[in-house]
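Participant: Dropping in input_28.cif, which is mmCIF, C-alpha atoms:
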```cif
data_target
loop_
_atom_site.label_atom_id
_atom_site.label_comp_id
_atom_site.auth_asym_id
_atom_site.auth_seq_id
_atom_site.Cartn_x
_atom_site.Cartn_y
_atom_site.Cartn_z
CA MET C 1199 47.81 194.44 33.48
CA PRO C 1200 50.66 195.58 35.81
CA ALA C 1201 51.65 199.25 35.76
CA GLN C 1202 54.80 200.05 33.80
CA ALA C 1203 57.51 202.56 34.64
CA SER C 1204 56.87 206.16 33.59
CA ARG C 1205 59.76 206.17 31.11
CA ASN C 1206 58.62 202.90 29.53
CA LYS C 1207 56.63 203.90 26.43
CA THR C 1208 55.86 200.36 25.26
CA LEU C 1209 52.32 200.23 23.88
CA ARG C 1210 50.21 197.59 25.62
CA LEU C 1211 46.46 196.97 25.43
CA ASN C 1212 44.04 195.59 28.01
CA LYS C 1213 41.36 193.07 27.04
CA ALA C 1214 38.63 195.69 26.72
CA GLU C 1215 40.67 197.76 24.30
CA ILE C 1216 41.70 194.69 22.31
CA ASN C 1217 38.02 193.83 21.88
CA ARG C 1218 37.11 197.41 20.94
CA LEU C 1219 39.82 197.63 18.31
CA ALA C 1220 39.32 194.14 16.91
CA ALA C 1221 35.72 195.07 16.18
CA LYS C 1222 37.05 197.67 13.72
CA ALA C 1223 39.07 195.10 11.76
CA VAL C 1224 37.83 193.68 8.47
CA LYS C 1225 37.05 190.02 7.78
CA LEU C 1226 36.57 188.93 4.19
CA LYS C 1227 33.87 186.42 3.27
CA LYS C 1228 33.80 187.01 -0.48
CA THR C 1229 35.90 188.71 -3.14
CA ALA C 1230 36.37 192.30 -2.01
CA ASP C 1231 36.42 195.55 -3.90
CA ILE C 1232 39.50 197.70 -3.31
CA ALA C 1233 37.37 200.31 -1.50
CA GLU C 1234 36.43 197.69 1.12
CA ILE C 1235 40.01 196.87 2.10
CA VAL C 1236 42.11 199.98 1.48
CA ASP C 1237 43.28 201.67 4.70
CA GLN C 1238 42.09 198.65 6.66
CA ILE C 1239 43.56 195.94 8.86
CA ILE C 1240 42.18 192.55 7.84
CA TRP C 1241 41.95 190.26 10.85
CA GLN C 1242 42.21 186.92 9.09
CA ASP C 1243 44.59 184.23 7.93
CA ALA C 1244 46.65 185.70 5.09
CA PHE C 1245 46.38 182.59 2.93
CA LYS C 1246 42.57 182.91 2.91
CA ALA C 1247 42.36 186.70 2.76
CA MET C 1248 44.68 187.09 -0.23
CA ASP C 1249 42.44 184.85 -2.34
CA LEU C 1250 39.63 187.36 -1.77
CA MET C 1251 41.58 190.49 -2.70
CA PRO C 1252 41.08 192.09 -6.14
CA GLU C 1253 43.68 191.71 -8.87
CA ALA C 1254 46.42 194.29 -9.54
CA CYS C 1255 45.51 196.53 -6.60
CA VAL C 1256 48.91 196.90 -4.87
CA ASP C 1257 51.76 199.28 -5.76
CA LEU C 1258 54.24 198.13 -3.12
CA MET C 1259 54.41 194.99 -0.97
CA ILE C 1260 56.54 194.86 2.16
CA VAL C 1261 56.64 191.47 3.87
CA ASP C 1262 58.15 190.44 7.18
CA PRO C 1263 57.18 186.75 7.17
CA PRO C 1264 57.93 184.35 10.01
CA TYR C 1265 61.58 183.38 9.75
CA ASN C 1266 62.45 179.70 9.76
CA LEU C 1267 62.63 179.61 13.55
CA THR C 1268 60.36 178.23 16.24
CA LYS C 1269 58.69 181.30 17.71
CA ASN C 1270 55.48 182.14 19.55
CA PHE C 1271 53.40 184.85 17.88
CA GLY C 1272 50.67 185.75 20.33
CA GLY C 1273 49.61 182.17 20.89
CA SER C 1274 50.27 180.77 17.41
CA VAL C 1275 53.59 178.96 17.25
CA PHE C 1276 55.52 178.96 13.99
CA ARG C 1277 57.79 175.93 14.01
CA GLU C 1278 61.16 175.57 12.33
CA MET C 1279 61.09 173.42 9.19
CA THR C 1280 63.62 171.81 6.93
CA ASP C 1281 64.99 174.19 4.32
CA ASN C 1282 63.00 172.46 1.58
CA LYS C 1283 59.71 172.66 3.49
CA TYR C 1284 60.31 176.31 4.32
CA ARG C 1285 60.83 177.12 0.63
CA LYS C 1286 57.55 175.38 -0.15
CA TRP C 1287 55.84 177.44 2.56
CA LEU C 1288 57.25 180.64 1.04
CA ASP C 1289 56.06 179.58 -2.40
CA LYS C 1290 52.57 178.90 -1.09
CA TRP C 1291 51.92 182.55 -0.23
CA LEU C 1292 54.24 184.21 -2.77
CA LYS C 1293 52.26 182.83 -5.70
CA LYS C 1294 49.11 184.34 -4.19
CA THR C 1295 50.68 187.80 -4.02
CA ALA C 1296 51.72 187.87 -7.68
CA ARG C 1297 48.07 188.15 -8.75
CA ILE C 1298 47.30 191.19 -6.58
CA LEU C 1299 50.41 193.24 -7.49
CA LYS C 1300 50.38 195.82 -10.26
CA ASP C 1301 52.79 195.21 -13.14
CA ASN C 1302 55.11 198.02 -11.94
CA ALA C 1303 54.95 197.00 -8.26
CA SER C 1304 57.97 196.55 -6.02
CA ILE C 1305 58.42 193.86 -3.37
CA TYR C 1306 60.58 193.82 -0.24
CA ILE C 1307 60.95 190.61 1.80
CA CYS C 1308 62.62 190.62 5.22
CA ALA C 1309 64.80 187.75 6.42
CA ASP C 1310 67.37 186.78 9.02
CA TRP C 1311 70.74 185.33 7.97
CA LYS C 1312 69.52 181.75 7.80
CA THR C 1313 66.09 182.38 6.27
CA SER C 1314 67.73 184.68 3.75
CA ILE C 1315 69.16 181.73 1.85
CA ALA C 1316 65.67 180.59 0.83
CA ILE C 1317 64.18 183.92 -0.27
CA PRO C 1318 65.77 184.38 -3.74
CA TYR C 1319 65.05 180.76 -4.69
CA ALA C 1320 61.37 181.09 -3.82
CA ALA C 1321 60.62 184.66 -4.91
CA SER C 1322 62.60 184.69 -8.18
CA LYS C 1323 60.02 182.26 -9.54
CA TYR C 1324 57.53 185.15 -9.64
CA PHE C 1325 59.54 188.38 -9.44
CA VAL C 1326 62.68 190.08 -10.77
CA LEU C 1327 65.49 190.25 -8.22
CA GLN C 1328 66.99 193.75 -7.96
CA ASN C 1329 69.12 193.82 -4.80
CA ARG C 1330 69.68 192.66 -1.24
CA ILE C 1331 69.76 195.18 1.59
CA SER C 1332 71.60 194.20 4.77
CA TRP C 1333 70.91 196.23 7.91
CA GLU C 1334 72.59 196.22 11.28
CA ARG C 1335 70.27 194.96 13.97
CA GLU C 1336 72.37 195.95 16.95
CA LYS C 1337 69.88 194.66 19.54
CA GLY C 1338 70.40 191.09 20.74
CA ARG C 1339 72.40 188.78 22.96
CA GLY C 1340 75.96 187.71 22.38
CA ALA C 1341 76.95 184.12 21.70
CA LYS C 1342 79.61 182.08 23.53
CA ASN C 1343 80.61 179.86 20.63
CA ASN C 1344 79.61 181.89 17.54
CA TRP C 1345 79.54 185.41 16.15
CA LYS C 1346 76.78 187.59 17.57
CA ASN C 1347 73.91 187.77 15.09
CA CYS C 1348 73.24 191.47 14.40
CA LEU C 1349 72.47 191.43 10.67
CA GLU C 1350 69.20 191.06 8.79
CA ASP C 1351 68.40 191.20 5.09
CA ILE C 1352 65.67 192.74 2.98
CA TRP C 1353 65.41 191.30 -0.52
CA PHE C 1354 64.30 193.80 -3.18
CA PHE C 1355 62.25 192.43 -6.08
CA THR C 1356 60.02 193.99 -8.71
CA LYS C 1357 57.07 192.55 -10.60
CA SER C 1358 58.72 193.58 -13.90
CA LYS C 1359 61.56 195.72 -15.20
CA ASP C 1360 59.23 198.74 -15.07
CA TYR C 1361 59.21 200.06 -11.50
CA LYS C 1362 59.57 203.16 -9.32
CA PHE C 1363 62.67 204.17 -7.44
CA ASN C 1364 62.66 207.64 -5.88
CA LEU C 1365 66.35 208.22 -5.18
CA GLU C 1366 66.00 211.78 -3.92
CA ASN C 1367 63.58 210.63 -1.20
CA VAL C 1368 66.07 208.31 0.48
CA LYS C 1369 69.43 210.02 0.38
CA ILE C 1370 71.41 209.67 3.59
CA LEU C 1371 72.91 212.43 5.73
CA ARG C 1372 76.59 211.71 6.36
CA PRO C 1373 79.61 213.64 7.72
CA VAL C 1374 82.06 214.89 5.10
CA ILE C 1375 85.58 213.52 5.53
CA ALA C 1376 87.25 215.66 2.84
CA PRO C 1377 85.18 218.86 2.43
CA TYR C 1378 86.03 220.32 -1.00
CA ARG C 1379 85.21 223.93 -1.88
CA ASN C 1380 84.41 225.75 -5.12
CA ASP C 1381 86.75 228.40 -6.51
CA ASP C 1382 84.80 231.08 -4.64
CA GLY C 1383 85.30 229.23 -1.35
CA ALA C 1384 81.72 228.01 -1.05
CA PRO C 1385 81.10 224.40 0.07
CA LYS C 1386 81.02 221.91 -2.79
CA ASP C 1387 78.18 219.39 -2.30
CA TRP C 1388 78.11 219.80 1.48
CA PHE C 1389 76.72 222.15 4.13
CA ASN C 1390 77.22 223.17 7.76
CA GLU C 1391 74.72 222.12 10.40
CA GLY C 1392 75.44 222.72 14.06
CA GLY C 1393 79.15 223.08 13.33
CA LYS C 1394 79.26 219.77 11.44
CA LYS C 1395 80.08 219.39 7.75
CA LEU C 1396 77.41 217.15 6.21
CA ARG C 1397 76.38 215.81 2.82
CA LEU C 1398 73.33 214.06 1.41
CA THR C 1399 74.66 210.95 -0.31
CA HIS C 1400 73.25 208.07 -2.34
CA PRO C 1401 72.00 205.22 -0.13
CA SER C 1402 73.81 201.91 -0.35
CA ASN C 1403 72.47 198.43 0.38
CA ILE C 1404 74.21 198.37 3.78
CA TRP C 1405 72.29 200.25 6.47
CA THR C 1406 73.89 201.06 9.82
CA ASP C 1407 71.54 203.87 10.90
CA ILE C 1408 68.63 201.80 12.24
CA SER C 1409 67.64 201.32 15.88
CA VAL C 1410 65.38 198.41 16.78
CA PRO C 1411 62.39 199.64 18.86
CA PHE C 1412 63.00 199.41 22.59
CA TRP C 1413 61.14 200.30 25.79
CA SER C 1414 61.71 204.08 25.73
CA MET C 1415 60.50 204.49 22.13
CA SER C 1416 56.81 205.26 21.66
CA GLU C 1417 56.55 202.92 18.65
CA ASN C 1418 57.61 199.92 20.74
CA THR C 1419 55.22 197.03 21.39
CA ASP C 1420 55.59 193.51 22.79
CA HIS C 1421 55.53 191.95 19.32
CA PRO C 1422 58.60 189.65 19.19
CA THR C 1423 59.82 190.65 15.71
CA GLN C 1424 58.69 194.26 15.34
CA LYS C 1425 60.49 196.26 12.64
CA PRO C 1426 61.39 199.95 13.11
CA GLU C 1427 59.23 202.57 11.40
CA LYS C 1428 62.38 204.23 10.06
CA LEU C 1429 63.41 201.01 8.30
CA ILE C 1430 60.04 200.61 6.61
CA ALA C 1431 59.83 204.33 5.80
CA LYS C 1432 62.93 204.02 3.61
CA LEU C 1433 61.33 201.25 1.56
CA ILE C 1434 58.06 203.14 1.20
CA LEU C 1435 59.68 206.41 0.16
CA ALA C 1436 61.98 204.71 -2.33
CA SER C 1437 59.39 202.54 -4.05
CA SER C 1438 56.05 204.32 -3.90
CA ASP C 1439 54.44 207.72 -4.35
CA GLU C 1440 51.91 209.51 -2.19
CA GLY C 1441 48.49 207.93 -2.70
CA ASP C 1442 49.89 204.52 -3.66
CA VAL C 1443 48.71 201.32 -1.95
CA VAL C 1444 51.22 199.57 0.34
CA PHE C 1445 50.43 195.98 1.29
CA ASP C 1446 51.72 193.76 4.10
CA PRO C 1447 50.25 190.24 4.35
CA PHE C 1448 51.89 189.60 7.76
CA VAL C 1449 51.45 193.07 9.24
CA GLY C 1450 52.00 192.05 12.89
CA SER C 1451 51.80 195.09 15.17
CA GLY C 1452 51.26 197.31 12.15
CA THR C 1453 54.57 199.00 11.37
CA THR C 1454 54.11 198.91 7.58
CA ALA C 1455 50.56 200.28 7.81
CA VAL C 1456 51.58 202.99 10.28
CA ALA C 1457 54.58 204.12 8.25
CA ALA C 1458 52.45 204.18 5.09
CA LYS C 1459 49.80 206.30 6.80
CA LYS C 1460 52.39 208.75 8.15
CA LEU C 1461 53.89 209.09 4.67
CA LYS C 1462 50.50 209.73 3.00
CA ARG C 1463 50.17 206.35 1.34
CA HIS C 1464 47.21 204.00 1.50
CA PHE C 1465 47.69 200.62 3.17
CA ILE C 1466 46.27 197.12 3.42
CA GLY C 1467 47.46 194.90 6.26
CA ILE C 1468 46.56 191.31 7.12
CA GLU C 1469 47.08 189.83 10.58
CA LYS C 1470 45.55 186.65 12.00
CA GLU C 1471 46.32 187.28 15.69
CA LYS C 1472 43.66 189.35 17.46
CA GLU C 1473 46.06 191.12 19.82
CA TYR C 1474 48.46 192.14 17.06
CA ALA C 1475 45.67 193.28 14.74
CA SER C 1476 44.40 195.41 17.64
CA LEU C 1477 47.88 196.83 18.25
CA ALA C 1478 48.09 197.79 14.60
CA LEU C 1479 44.73 199.56 14.79
CA LYS C 1480 45.74 201.37 17.98
CA ARG C 1481 48.97 202.58 16.41
CA LEU C 1482 47.01 203.81 13.41
CA GLU C 1483 44.76 205.78 15.77
CA LEU C 1484 47.82 207.33 17.39
CA ALA C 1485 49.26 208.18 13.97
CA GLU C 1486 46.27 210.45 13.42
CA LYS C 1487 47.68 212.74 16.11
CA ASN C 1488 51.41 212.21 15.56
CA SER C 1489 52.90 211.56 12.13
CA GLN C 1490 56.53 211.71 13.30
CA ILE C 1491 58.89 208.89 12.37
CA GLN C 1492 61.84 208.73 14.74
CA GLY C 1493 65.10 209.29 12.86
CA PHE C 1494 63.38 210.90 9.85
CA GLU C 1495 63.21 214.69 10.20
CA ASP C 1496 62.33 217.33 7.63
CA GLY C 1497 62.60 214.79 4.83
CA ILE C 1498 66.08 213.64 5.88
CA PHE C 1499 67.17 210.32 7.40
CA ARG C 1500 69.44 211.03 10.37
CA PRO C 1501 72.50 208.82 10.99
CA ARG C 1502 71.03 207.04 14.02
CA ASN C 1503 67.64 207.31 15.70
CA GLY C 1504 68.58 205.76 19.03
#
```
Represent the structure from my file as structure tokens, please.

Facilitator:
Amino acid sequence: MPAQASRNKTLRLNKAEINRLAAKAVKLKKTADIAEIVDQIIWQDAFKAMDLMPEACVDLMIVDPPYNLTKNFGGSVFREMTDNKYRKWLDKWLKKTARILKDNASIYICADWKTSIAIPYAASKYFVLQNRISWEREKGRGAKNNWKNCLEDIWFFTKSKDYKFNLENVKILRPVIAPYRNDDGAPKDWFNEGGKKLRLTHPSNIWTDISVPFWSMSENTDHPTQKPEKLIAKLILASSDEGDVVFDPFVGSGTTAVAAKKLKRHFIGIEKEKEYASLALKRLELAEKNSQIQGFEDGIFRPRNG
């Protein structure tokens, strides 16, 4: 493996470390008890592994499935399908997840602009649609004959109408445009910080405060579709409590599992690619020493974590 520049913090593994970490991953051969899979990375095909998970064991599911694009994931190529075939592929794994979710569980499903069209059709068959979050993905190339694509969606579903939503955990820090004061002159619903007038406000379903991991961020890996820890942290804090089980059937380089661990939740992640499963396990090792989530400080989400 060639040496990388000193300022480049991208996490990369050599073959020896991949083998060491992969040996720590779980492979299911029969129906598992929750104790066997909680706080574990399952190195296996998700379609097989989910059939061997116990019923009603998950409080929150966060899924970043392959979008309907042709893309290489560590040697396995996911190929673009017709819209109808892609919906059938979504349905194939979504119906497996319904069995393992608790009745008050929440579900978040990531999508790009094109894939997003299929998500509500497929998932509404099993879950209750609550909202669609759109977040600005500022990283990416411009287009010569189209608008630059810098938007992704996260569809918010619940298993039933009984679910958790911890509003106070996910309020956003924003500058105050018109700072009102009480009769005694004290700030009304705002405070000073470093000479700036700021307020904690209710989060909307449009997020412009997310930075996609890049080479100078310690959470960055070579996974082609890695999501930021800050993005996933918002979902976890909003829709789970400490000690809950967070599940990701396509965990990739491990962002959901890592964010869950840092926020004192349990996790279950499934990944079929050896290198990515190993990356997830390495990041979980590093999280033992450093529980910081960039852009989330002292319980507050900062405007931008660039």

Participant: Go through C:Tyr1306, C:Trp1345, C:Trp1333, C:Phe1445 and flag the residue nearest Val1410 of chain C, using all atoms listed in the file for the distances.

Facilitator: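 Smallest distance to Val1410 of chain C is found for C:Trp1333.
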
Participant: Give me the result of the PyMOL selection byres ((chain C and resi 1289) around 10) on this file, residue by residue, as a tab-separated table (two decimals) with C-alpha atoms, in the frame of the given file.

Facilitator:
```
chain	number	residue	atom	x	y	z
C	1283	LYS	CA	59.71	172.66	3.49
C	1284	TYR	CA	60.31	176.31	4.32
C	1285	ARG	CA	60.83	177.12	0.63
C	1286	LYS	CA	57.55	175.38	-0.15
C	1287	TRP	CA	55.84	177.44	2.56
C	1288	LEU	CA	57.25	180.64	1.04
C	1290	LYS	CA	52.57	178.90	-1.09
C	1291	TRP	CA	51.92	182.55	-0.23
C	1292	LEU	CA	54.24	184.21	-2.77
C	1293	LYS	CA	52.26	182.83	-5.70
C	1294	LYS	CA	49.11	184.34	-4.19
C	1295	THR	CA	50.68	187.80	-4.02
C	1317	ILE	CA	64.18	183.92	-0.27
C	1319	TYR	CA	65.05	180.76	-4.69
C	1320	ALA	CA	61.37	181.09	-3.82
C	1321	ALA	CA	60.62	184.66	-4.91
C	1323	LYS	CA	60.02	182.26	-9.54
C	1324	TYR	CA	57.53	185.15	-9.64
```

Participant: Find the spatial neighbours of segment 1352-1354 of chain C, counting all atoms listed in the file, within a cut-off of 9 Å - ignore same-chain residues fewer than 2 positions away - and output them as a list of chain:residue names.

Facilitator: C:Asp1262, C:Ser1304, C:Ile1305, C:Tyr1306, C:Ile1307, C:Cys1308, C:Ala1309, C:Asp1310, C:Ser1314, C:Ile1317, C:Pro1318, C:Val1326, C:Leu1327, C:Gln1328, C:Asn1329, C:Arg1330, C:Ile1331, C:Ser1332, C:Trp1333, C:Glu1350, C:Thr1356

Participant: Which distance in Å separates atom CA of Asn1403 of chain C and atom CA of Phe1325 of chain C, to one decimal?

Facilitator: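 Separating atom CA of Asn1403 of chain C from atom CA of Phe1325 of chain C is a distance of 19.1 Å.
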
Participant: Name all residues at most 8 Å from segment 1426-1429 of chain C (count all atoms listed in the file; drop same-chain ones fewer than 3 positions away) and give them as a count of residues only.

Facilitator: 15

Participant: Rounded to one decimal in Å, what is the spacing between atom CA of Leu1365 of chain C and atom CA of Ile1434 of chain C?

Facilitator: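 Distance reported for this atom pair: 11.6 Å.
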
Participant: Within 7 Å of segment 1435-1438 of chain C, counting all atoms listed in the file, which residues qualify if same-chain residues fewer than 4 places away don't, as JSON, numbers by chain?

Facilitator: {"C": [1257, 1258, 1304, 1362, 1363, 1364, 1365, 1367, 1368, 1431, 1442]}

Participant: Quick one: of C:Lys1472, C:Ala1458, C:Trp1413, C:Ile1370, who's nearest to Pro1501 of chain C, counting all atoms listed in the file?

Facilitator: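 The answer is C:Ile1370, which sits nearest to Pro1501 of chain C.
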
Participant: In Å, how far is it from atom CA of Lys1225 of chain C to atom CA of Gln1238 of chain C?

Facilitator: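 Rounded to one decimal, the two atoms are 10.1 Å apart.
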
Participant: List the neighbours of Asn1270 of chain C out to 12 Å using all atoms listed in the file; skip same-chain residues closer than 3 positions along the sequence, and give me the result as a list in words.

Facilitator: Pro1264, Tyr1265, Leu1267, Gly1273, Ser1274, Val1275, Phe1276, Arg1277, Glu1278, Asp1420, His1421, Pro1422, Thr1423 and Glu1471 of chain C

Participant: For Leu1226 of chain C, which residue out of C:Phe1448, C:Trp1311, C:Trp1241, C:Trp1388 is the nearest one, using only C-alpha atoms?

Facilitator: C:Trp1241

Participant: Which residues are close to segment 1475-1488 of chain C, i.e. within 10 Å by all atoms listed in the file, leaving aside same-chain residues fewer than 2 positions away? Reply as an MDAnalysis selection string.

Facilitator: chainID C and resid 1209:1211 1215:1223 1237:1242 1416:1417 1419:1421 1449:1460 1467:1473 1490:1491

Participant: Which is closest to Lys1357 of chain C among C:Glu1440, C:Asp1301, C:Glu1391, C:Asp1281, if we use only C-alpha atoms?

Facilitator: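 Closest residue, counting only C-alpha atoms: C:Asp1301.
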